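Visitor: One file: target_16.tsv (TSV, C-alpha atoms and all ligand atoms).
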```
chain	number	residue	atom	x	y	z
A	1	ALA	CA	-19.31	8.01	-0.45
A	2	LYS	CA	-18.71	4.91	-2.47
A	3	ARG	CA	-17.36	2.03	-0.42
A	4	VAL	CA	-14.37	0.07	-1.55
A	5	GLN	CA	-15.27	-2.57	-4.07
A	6	ARG	CA	-16.09	-5.85	-2.38
A	7	ILE	CA	-13.68	-8.68	-2.84
A	8	ASP	CA	-14.78	-12.24	-3.42
A	9	THR	CA	-14.46	-13.55	0.08
A	10	LYS	CA	-13.52	-17.03	-0.96
A	11	VAL	CA	-10.21	-17.57	-2.65
A	12	ASP	CA	-10.83	-19.42	-5.88
A	13	LYS	CA	-10.76	-23.17	-5.73
A	14	MET	CA	-8.13	-23.48	-8.41
A	15	ARG	CA	-4.61	-24.04	-7.22
A	16	MET	CA	-1.42	-23.45	-9.12
A	17	ARG	CA	0.29	-26.79	-8.98
A	18	ARG	CA	3.35	-27.74	-10.91
A	19	LYS	CA	2.48	-29.62	-14.13
A	20	ASP	CA	-1.16	-28.71	-13.72
A	21	THR	CA	-2.00	-27.17	-17.05
A	22	ASN	CA	-5.55	-26.11	-16.31
A	23	THR	CA	-4.89	-24.14	-13.17
A	24	LEU	CA	-5.05	-20.53	-14.26
A	25	LYS	CA	-6.66	-21.01	-17.67
A	26	VAL	CA	-9.90	-19.54	-16.39
A	27	LYS	CA	-8.22	-16.20	-15.85
A	28	GLU	CA	-6.75	-16.01	-19.35
A	29	ASN	CA	-8.65	-12.84	-20.05
A	30	VAL	CA	-6.86	-11.12	-17.18
A	31	PHE	CA	-3.42	-12.72	-17.31
A	32	ASP	CA	-1.24	-12.81	-20.39
A	33	ASP	CA	1.07	-15.78	-20.94
A	34	ALA	CA	4.12	-14.01	-19.54
A	35	THR	CA	2.25	-13.08	-16.36
A	36	LEU	CA	0.87	-16.63	-16.03
A	37	LYS	CA	4.47	-17.85	-16.16
A	38	ILE	CA	5.43	-15.48	-13.35
A	39	LEU	CA	2.50	-16.73	-11.27
A	40	TYR	CA	3.69	-20.32	-11.78
A	41	THR	CA	7.20	-19.27	-10.81
A	42	VAL	CA	6.11	-17.72	-7.52
A	43	SER	CA	3.83	-20.69	-6.96
A	44	ASN	CA	6.75	-23.08	-7.40
A	45	LYS	CA	8.76	-20.95	-4.99
A	46	GLY	CA	6.02	-21.52	-2.42
A	47	ILE	CA	5.22	-17.82	-2.11
A	48	LEU	CA	1.73	-17.84	-3.65
A	49	ASN	CA	-0.58	-20.83	-3.40
A	50	ALA	CA	-3.64	-19.47	-5.12
A	51	ILE	CA	-5.02	-16.34	-6.63
A	52	GLY	CA	-8.47	-15.14	-5.68
A	53	GLY	CA	-10.89	-12.35	-6.38
A	54	SER	CA	-10.06	-8.97	-7.84
A	55	ILE	CA	-9.57	-6.12	-5.38
A	56	SER	CA	-8.90	-3.35	-7.85
A	57	THR	CA	-8.51	-2.69	-11.55
A	58	GLY	CA	-6.38	0.41	-11.95
A	59	LYS	CA	-4.89	2.28	-14.90
A	60	GLU	CA	-1.61	0.42	-14.71
A	61	ALA	CA	-2.10	-2.51	-12.36
A	62	ASN	CA	-4.62	-5.04	-11.10
A	63	VAL	CA	-4.68	-6.05	-7.46
A	64	PHE	CA	-5.92	-9.49	-6.43
A	65	LEU	CA	-6.42	-11.31	-3.19
A	66	GLY	CA	-3.94	-14.16	-2.98
A	67	GLU	CA	-3.26	-17.07	-0.71
A	68	GLY	CA	0.32	-16.94	0.53
A	69	LYS	CA	2.38	-19.20	2.74
A	70	ASP	CA	0.94	-17.82	5.97
A	71	GLY	CA	-2.45	-16.54	4.85
A	72	ASP	CA	-3.91	-13.81	2.70
A	73	ILE	CA	-1.64	-11.59	0.63
A	74	ALA	CA	-2.28	-8.83	-1.91
A	75	VAL	CA	-0.99	-9.52	-5.42
A	76	LYS	CA	-0.40	-6.41	-7.52
A	77	ILE	CA	0.12	-7.19	-11.18
A	78	TYR	CA	1.37	-4.40	-13.43
A	79	ARG	CA	0.02	-4.79	-16.93
A	80	ILE	CA	2.82	-5.11	-19.46
A	81	SER	CA	0.61	-3.65	-22.20
A	82	SER	CA	-0.35	-0.59	-20.20
A	83	SER	CA	-0.14	2.53	-22.32
A	84	THR	CA	0.18	5.02	-19.49
A	85	PHE	CA	3.58	3.73	-18.54
A	86	ARG	CA	5.47	6.46	-20.36
A	87	SER	CA	4.96	8.63	-17.29
A	88	MET	CA	7.07	6.19	-15.30
A	89	GLU	CA	10.19	7.34	-17.06
A	90	GLU	CA	9.83	10.71	-15.41
A	91	TYR	CA	10.19	9.02	-12.05
A	92	ILE	CA	12.80	6.41	-12.86
A	93	LEU	CA	15.18	8.53	-14.93
A	94	GLY	CA	17.02	10.71	-12.45
A	95	ASP	CA	16.79	8.14	-9.68
A	96	PRO	CA	20.40	6.99	-9.14
A	97	ARG	CA	19.19	3.54	-8.11
A	98	PHE	CA	17.96	2.93	-11.65
A	99	ARG	CA	20.79	4.35	-13.76
A	100	ASN	CA	21.02	1.13	-15.73
A	101	VAL	CA	17.40	0.78	-16.63
A	102	ARG	CA	16.91	0.35	-20.35
A	103	HIS	CA	14.09	2.26	-21.93
A	104	ALA	CA	12.22	-0.81	-23.06
A	105	LYS	CA	8.74	-0.69	-21.60
A	106	LYS	CA	8.99	-4.16	-20.11
A	107	ASP	CA	12.23	-3.40	-18.32
A	108	ILE	CA	10.77	-0.19	-16.96
A	109	ILE	CA	7.76	-2.09	-15.61
A	110	PHE	CA	9.98	-4.74	-14.01
A	111	ALA	CA	12.19	-2.04	-12.49
A	112	TRP	CA	9.08	-0.20	-11.34
A	113	THR	CA	7.75	-3.30	-9.57
A	114	LYS	CA	11.11	-3.88	-7.88
A	115	LYS	CA	11.25	-0.21	-6.94
A	116	GLU	CA	7.84	-0.42	-5.27
A	117	HIS	CA	9.02	-3.43	-3.26
A	118	ARG	CA	12.18	-1.55	-2.23
A	119	ASN	CA	10.28	1.61	-1.38
A	120	LEU	CA	7.89	-0.35	0.86
A	121	THR	CA	10.88	-1.90	2.64
A	122	ARG	CA	12.52	1.50	3.16
A	123	ALA	CA	9.28	3.03	4.38
A	124	LYS	CA	8.73	0.21	6.81
A	125	GLU	CA	12.27	0.50	8.15
A	126	ALA	CA	11.66	4.22	8.76
A	127	GLY	CA	8.62	3.40	10.90
A	128	VAL	CA	5.90	4.14	8.36
A	129	ARG	CA	2.95	1.76	8.32
A	130	VAL	CA	2.79	0.23	4.85
A	131	PRO	CA	1.81	-3.22	3.57
A	132	GLU	CA	4.76	-5.44	4.39
A	133	PRO	CA	6.40	-6.41	1.10
A	134	VAL	CA	6.59	-10.17	0.52
A	135	HIS	CA	8.22	-10.63	-2.89
A	136	ALA	CA	8.62	-8.96	-6.27
A	137	GLU	CA	8.97	-11.05	-9.43
A	138	ARG	CA	9.03	-9.27	-12.80
A	139	ASN	CA	5.72	-7.34	-12.98
A	140	VAL	CA	4.15	-9.01	-9.93
A	141	LEU	CA	4.40	-7.56	-6.42
A	142	MET	CA	3.17	-9.53	-3.43
A	143	MET	CA	2.58	-7.85	-0.09
A	144	GLU	CA	0.68	-8.03	3.15
A	145	PHE	CA	-3.08	-7.97	2.56
A	146	LEU	CA	-4.66	-5.05	4.40
A	147	GLY	CA	-8.08	-6.32	5.32
A	148	GLU	CA	-10.01	-8.93	7.16
A	149	GLU	CA	-11.60	-12.16	5.98
A	150	GLY	CA	-10.74	-11.39	2.40
A	151	LYS	CA	-12.32	-7.95	2.47
A	152	ALA	CA	-9.90	-5.07	1.97
A	153	TYR	CA	-9.90	-2.14	4.35
A	154	PRO	CA	-11.36	1.06	2.87
A	155	LEU	CA	-9.43	3.94	1.39
A	156	LEU	CA	-9.26	7.17	3.38
A	157	LYS	CA	-11.59	8.81	0.82
A	158	ASP	CA	-14.34	6.31	1.71
A	159	VAL	CA	-14.17	6.48	5.50
A	160	ASN	CA	-16.58	8.54	7.58
A	161	LEU	CA	-14.48	10.38	10.15
A	162	ASP	CA	-15.46	12.29	13.24
A	163	PRO	CA	-13.31	15.39	13.86
A	164	GLU	CA	-11.15	13.65	16.48
A	165	ASP	CA	-10.39	10.69	14.21
A	166	ALA	CA	-9.68	13.10	11.36
A	167	LYS	CA	-7.15	15.02	13.47
A	168	LEU	CA	-5.46	11.80	14.66
A	169	ILE	CA	-5.22	10.44	11.12
A	170	PHE	CA	-3.98	13.78	9.81
A	171	ASP	CA	-1.23	13.94	12.45
A	172	THR	CA	-0.13	10.38	11.71
A	173	VAL	CA	-0.12	10.99	7.96
A	174	ILE	CA	2.06	14.10	8.38
A	175	ARG	CA	4.36	12.17	10.74
A	176	TYR	CA	4.70	9.43	8.11
A	177	VAL	CA	5.50	11.97	5.38
A	178	GLU	CA	8.16	13.38	7.72
A	179	LEU	CA	9.58	9.93	8.58
A	180	LEU	CA	9.79	9.12	4.87
A	181	TYR	CA	11.59	12.39	4.18
A	182	VAL	CA	13.87	12.50	7.23
A	183	LYS	CA	14.67	8.83	7.79
A	184	ALA	CA	14.07	7.04	4.49
A	185	ASN	CA	15.11	9.86	2.14
A	186	LEU	CA	11.92	9.21	0.23
A	187	VAL	CA	8.98	11.19	-1.09
A	188	HIS	CA	5.78	9.20	-1.70
A	189	GLY	CA	5.01	11.13	-4.87
A	190	ASP	CA	1.33	10.21	-5.24
A	191	LEU	CA	-0.01	10.72	-1.77
A	192	SER	CA	-3.72	11.45	-1.41
A	193	GLU	CA	-6.89	10.01	0.11
A	194	TYR	CA	-6.74	7.46	-2.74
A	195	ASN	CA	-3.44	5.93	-1.61
A	196	ILE	CA	-4.05	5.75	2.11
A	197	ILE	CA	-5.89	2.76	3.52
A	198	VAL	CA	-7.56	3.04	6.93
A	199	ASN	CA	-8.02	0.17	9.35
A	200	PRO	CA	-11.65	0.89	10.30
A	201	ARG	CA	-11.31	-0.64	13.77
A	202	THR	CA	-8.15	1.17	14.89
A	203	MET	CA	-8.46	4.17	12.51
A	204	GLU	CA	-4.81	3.63	11.71
A	205	PRO	CA	-3.74	5.04	8.31
A	206	ILE	CA	-1.56	2.89	6.05
A	207	PHE	CA	0.34	4.25	3.03
A	208	ILE	CA	0.08	2.22	-0.18
A	209	ASP	CA	1.06	2.52	-3.86
A	210	MET	CA	4.73	3.47	-3.60
A	211	GLY	CA	5.91	2.54	-7.09
A	212	GLN	CA	6.44	6.17	-7.98
A	213	SER	CA	8.13	7.16	-4.72
A	214	VAL	CA	11.49	8.83	-5.32
A	215	THR	CA	14.64	9.46	-3.32
A	216	LEU	CA	15.62	13.00	-2.40
A	217	GLU	CA	18.25	13.04	-5.16
A	218	HIS	CA	15.46	13.13	-7.71
A	219	PRO	CA	15.26	16.58	-9.34
A	220	LYS	CA	11.54	16.81	-8.65
A	221	ALA	CA	11.63	15.41	-5.10
A	222	ARG	CA	10.81	18.78	-3.49
A	223	GLU	CA	7.99	19.43	-5.97
A	224	PHE	CA	6.51	15.97	-5.30
A	225	LEU	CA	6.80	16.48	-1.53
A	226	MET	CA	4.97	19.82	-1.68
A	227	ARG	CA	2.27	18.26	-3.85
A	228	ASP	CA	1.85	15.37	-1.38
A	229	ILE	CA	1.49	17.79	1.54
A	230	GLU	CA	-0.95	19.98	-0.41
A	231	ASN	CA	-3.09	16.96	-1.35
A	232	ILE	CA	-3.31	15.97	2.31
A	233	LEU	CA	-4.19	19.51	3.41
A	234	ARG	CA	-6.84	19.76	0.67
A	235	PHE	CA	-8.50	16.55	1.89
A	236	PHE	CA	-8.43	17.45	5.59
A	237	LYS	CA	-9.67	21.01	5.07
A	238	ARG	CA	-13.26	19.72	5.32
A	239	TYR	CA	-12.45	18.61	8.88
A	240	GLY	CA	-11.37	22.09	9.90
A	241	ILE	CA	-7.64	21.47	9.60
A	242	LYS	CA	-6.10	24.62	8.17
A	243	GLU	CA	-2.33	24.37	8.19
A	244	GLN	CA	0.00	25.80	5.58
A	245	ALA	CA	1.96	23.45	3.32
A	246	GLU	CA	4.97	25.78	3.51
A	247	ASP	CA	4.98	25.63	7.34
A	248	ILE	CA	4.83	21.84	7.35
A	249	TYR	CA	7.59	21.62	4.77
A	250	SER	CA	9.82	24.11	6.65
A	251	SER	CA	9.50	22.21	9.89
A	252	MET	CA	10.40	18.95	8.13
A	253	LYS	CA	13.39	20.58	6.48
A	254	GLU	CA	14.56	21.91	9.83
A	255	ILE	CA	14.38	18.45	11.42
A	256	LYS	CA	16.19	16.99	8.43
A	257	GLN	CA	19.06	19.46	8.74
A	258	LYS	CA	19.66	18.73	12.42
A	301	LIG	P1	-3.00	1.68	-8.45
A	301	LIG	O1	-3.63	2.89	-7.83
A	301	LIG	O2	-1.73	2.01	-9.15
A	301	LIG	O3	-3.93	0.89	-9.29
A	301	LIG	P2	-2.67	0.70	-5.70
A	301	LIG	O4	-1.39	0.18	-5.14
A	301	LIG	O5	-3.11	2.04	-5.22
A	301	LIG	O6	-2.53	0.67	-7.29
A	301	LIG	O7	-3.79	-0.37	-5.43
A	301	LIG	C1	-5.08	-0.25	-5.99
A	301	LIG	C2	-6.13	-0.57	-4.94
A	301	LIG	O8	-5.97	-1.89	-4.47
A	301	LIG	C3	-6.05	0.31	-3.70
A	301	LIG	O9	-6.81	1.47	-3.87
A	301	LIG	C4	-6.61	-0.57	-2.61
A	301	LIG	O10	-8.02	-0.50	-2.60
A	301	LIG	C5	-6.20	-1.96	-3.07
A	301	LIG	N1	-4.96	-2.41	-2.42
A	301	LIG	C6	-3.69	-2.12	-2.80
A	301	LIG	N2	-2.79	-2.70	-2.00
A	301	LIG	C7	-3.50	-3.39	-1.07
A	301	LIG	C8	-3.14	-4.22	0.05
A	301	LIG	N3	-1.87	-4.43	0.36
A	301	LIG	N4	-4.14	-4.75	0.78
A	301	LIG	C9	-5.43	-4.54	0.46
A	301	LIG	N5	-5.83	-3.78	-0.58
A	301	LIG	C10	-4.89	-3.21	-1.34
A	302	MN	MN	-3.33	3.93	-6.07
```
Take the structure in this file and express it as structure tokens.
Ligand code: ADP
Ligand code: MN
Guide:
Amino acid sequence: AKRVQRIDTKVDKMRMRRKDTNTLKVKENVFDDATLKILYTVSNKGILNAIGGSISTGKEANVFLGEGKDGDIAVKIYRISSSTFRSMEEYILGDPRFRNVRHAKKDIIFAWTKKEHRNLTRAKEAGVRVPEPVHAERNVLMMEFLGEEGKAYPLLKDVNLDPEDAKLIFDTVIRYVELLYVKANLVHGDLSEYNIIVNPRTMEPIFIDMGQSVTLEHPKAREFLMRDIENILRFFKRYGIKEQAEDIYSSMKEIKQK
């Protein structure tokens, strides 16, 4: 299995100082002017001191290693020009927290970023291990960096598991799905081995990528929850775990109704 892309271990030398015009020029190909402005803003607020190597280049967002106030942070930058963002409307429309969102793409991306920050906070409060959110500003989300010495922890899909570890991780993942549903009123909505990071030393799973997570009021919440559970069962089947999605869902629903 392909290991997670290596991150540049050293945070770039360039710093984002006020009135320093050259600071982020080097990264012009990655950052548009509006995003550069946001990076200066969070720099002036003392939240982000420097931006380092790329961790991931996704369909809608780039994730970078950053230097925060108290050490490494992950900086997720949603691309304003992303063309796949139409699909976001499906998640945001119908979510009562975003009734006032205008349809303009930019506004949807800003709302999306804020929503991911809020979802991480709610998940954390419910007892789910997620990257601790630090700050959201426009299309830029800063959060706890999950890794060591600038190297990100691997995704679940890239970890070699023995059967015992697999069972422990599976149980924790299902417990987290339940905590989200029962305590946070949330459904992850894109849960799979691609959005779970594993601390390779403790084998602790960590949920990431919660921009699309929805509250239970969302008309498709149940559908998304079933899909999340099915994705998890599909992945863990290879480790001999053969539970039924319906059974897991029923037991969660029962706990919820108590
Ligand atoms: P998307 O899938 O929408 O591009 P993700 O939130 O899943 O965005 O992040 C993309 C990748 O960046 C992840 O697969 C993971 O490898 C890495 N990543 C995301 N958040 C963190 C974090 N807090 N710490 C370390 N790595 C992260
Ligand atoms: Mn992802």
Visitor: Within 12 Å of stretch 76-80 of chain A, counting all atoms listed in the file, which residues qualify if same-chain residues fewer than 6 places away don't, as a ChimeraX atom specification?
Guide: /A:30-36,38-39,51,54-66,86,104-114,116-117,131,133-145,208-211
Visitor: For the selection you just gave me, I'd like the residues written to a file as a tab-separated table (two decimals), keeping the file's coordinate frame, keeping C-alpha atoms.
Guide:
```tsv
chain	number	residue	atom	x	y	z
A	30	VAL	CA	-6.86	-11.12	-17.18
A	31	PHE	CA	-3.42	-12.72	-17.31
A	32	ASP	CA	-1.24	-12.81	-20.39
A	33	ASP	CA	1.07	-15.78	-20.94
A	34	ALA	CA	4.12	-14.01	-19.54
A	35	THR	CA	2.25	-13.08	-16.36
A	36	LEU	CA	0.87	-16.63	-16.03
A	38	ILE	CA	5.43	-15.48	-13.35
A	39	LEU	CA	2.50	-16.73	-11.27
A	51	ILE	CA	-5.02	-16.34	-6.63
A	54	SER	CA	-10.06	-8.97	-7.84
A	55	ILE	CA	-9.57	-6.12	-5.38
A	56	SER	CA	-8.90	-3.35	-7.85
A	57	THR	CA	-8.51	-2.69	-11.55
A	58	GLY	CA	-6.38	0.41	-11.95
A	59	LYS	CA	-4.89	2.28	-14.90
A	60	GLU	CA	-1.61	0.42	-14.71
A	61	ALA	CA	-2.10	-2.51	-12.36
A	62	ASN	CA	-4.62	-5.04	-11.10
A	63	VAL	CA	-4.68	-6.05	-7.46
A	64	PHE	CA	-5.92	-9.49	-6.43
A	65	LEU	CA	-6.42	-11.31	-3.19
A	66	GLY	CA	-3.94	-14.16	-2.98
A	86	ARG	CA	5.47	6.46	-20.36
A	104	ALA	CA	12.22	-0.81	-23.06
A	105	LYS	CA	8.74	-0.69	-21.60
A	106	LYS	CA	8.99	-4.16	-20.11
A	107	ASP	CA	12.23	-3.40	-18.32
A	108	ILE	CA	10.77	-0.19	-16.96
A	109	ILE	CA	7.76	-2.09	-15.61
A	110	PHE	CA	9.98	-4.74	-14.01
A	111	ALA	CA	12.19	-2.04	-12.49
A	112	TRP	CA	9.08	-0.20	-11.34
A	113	THR	CA	7.75	-3.30	-9.57
A	114	LYS	CA	11.11	-3.88	-7.88
A	116	GLU	CA	7.84	-0.42	-5.27
A	117	HIS	CA	9.02	-3.43	-3.26
A	131	PRO	CA	1.81	-3.22	3.57
A	133	PRO	CA	6.40	-6.41	1.10
A	134	VAL	CA	6.59	-10.17	0.52
A	135	HIS	CA	8.22	-10.63	-2.89
A	136	ALA	CA	8.62	-8.96	-6.27
A	137	GLU	CA	8.97	-11.05	-9.43
A	138	ARG	CA	9.03	-9.27	-12.80
A	139	ASN	CA	5.72	-7.34	-12.98
A	140	VAL	CA	4.15	-9.01	-9.93
A	141	LEU	CA	4.40	-7.56	-6.42
A	142	MET	CA	3.17	-9.53	-3.43
A	143	MET	CA	2.58	-7.85	-0.09
A	144	GLU	CA	0.68	-8.03	3.15
A	145	PHE	CA	-3.08	-7.97	2.56
A	208	ILE	CA	0.08	2.22	-0.18
A	209	ASP	CA	1.06	2.52	-3.86
A	210	MET	CA	4.73	3.47	-3.60
A	211	GLY	CA	5.91	2.54	-7.09
```
Visitor: Residues at most 7 Å from A:Leu191, counting all atoms listed in the file, excluding those fewer than 2 positions away in the same chain, as a PyMOL selection string?
Guide: chain A and resi 188-189+195+228+231
Visitor: Rounded to one decimal place, report the atom CA of A:Glu223-atom CA of A:Arg175 distance in Å.
Guide: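 The value is 18.6 Å.
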Visitor: From the set A:Phe236, A:Asp158, A:Asn49, A:Glu246, which residue has the shortest atom-to-atom contact distance to A:Asp171, counting all atoms listed in the file?
Guide: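 The closest residue to A:Asp171 is A:Phe236.
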Visitor: One decimal, Å: what's the distance from atom CA of A:Gly46 over to atom CA of A:Lys124, could you say?
Guide: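 Those two atoms sit 23.8 Å apart.
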Visitor: Compare A:Asp247, A:Asp162, A:Glu148, A:Glu90 by their minimum atom-to-atom distance to ligand LIG 301 (chain A), counting all atoms listed in the file, and give me the closest one.
Guide: A:Glu148
Visitor: Quick check, in Å to one decimal: how far apart do atom CA of A:Ala221 and atom C5 of ligand LIG 301 (chain A) lie?
Guide: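 Separating atom CA of A:Ala221 from atom C5 of ligand LIG 301 (chain A) is a distance of 25.0 Å.
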Visitor: Can you list, as a list in words, every protein, DNA or RNA residue that comes within 8 Å of stretch 178-184 of chain A when you count all atoms listed in the file, leaving out same-chain residues fewer than 6 positions away?
Guide: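 In the requested form, the answer reads Arg122, Ala123, Glu125, Ala126, Gly127, Val128, Leu216, Met252, Ile255 and Lys256 of chain A.
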Visitor: Create the file for the chosen residues now, containing C-alpha atoms and written as an mmCIF file, in the frame of the given file.
Guide:
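Wrote it out as out_3.cif, contents follow:
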```
data_model
loop_
_atom_site.group_PDB
_atom_site.id
_atom_site.type_symbol
_atom_site.label_atom_id
_atom_site.label_comp_id
_atom_site.auth_asym_id
_atom_site.auth_seq_id
_atom_site.Cartn_x
_atom_site.Cartn_y
_atom_site.Cartn_z
ATOM 1 C CA ARG A 122 12.520 1.500 3.160
ATOM 2 C CA ALA A 123 9.280 3.030 4.380
ATOM 3 C CA GLU A 125 12.270 0.500 8.150
ATOM 4 C CA ALA A 126 11.660 4.220 8.760
ATOM 5 C CA GLY A 127 8.620 3.400 10.900
ATOM 6 C CA VAL A 128 5.900 4.140 8.360
ATOM 7 C CA LEU A 216 15.620 13.000 -2.400
ATOM 8 C CA MET A 252 10.400 18.950 8.130
ATOM 9 C CA ILE A 255 14.380 18.450 11.420
ATOM 10 C CA LYS A 256 16.190 16.990 8.430
#
```
Visitor: For a quick check of understanding, using all atoms listed in the file, which of A:Ser192, A:Gln244, A:Asn199, A:Ser250 has the smallest distance to ligand MN 302 (chain A)?
Guide: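 Selected residue with least distance to ligand MN 302 (chain A): A:Ser192.
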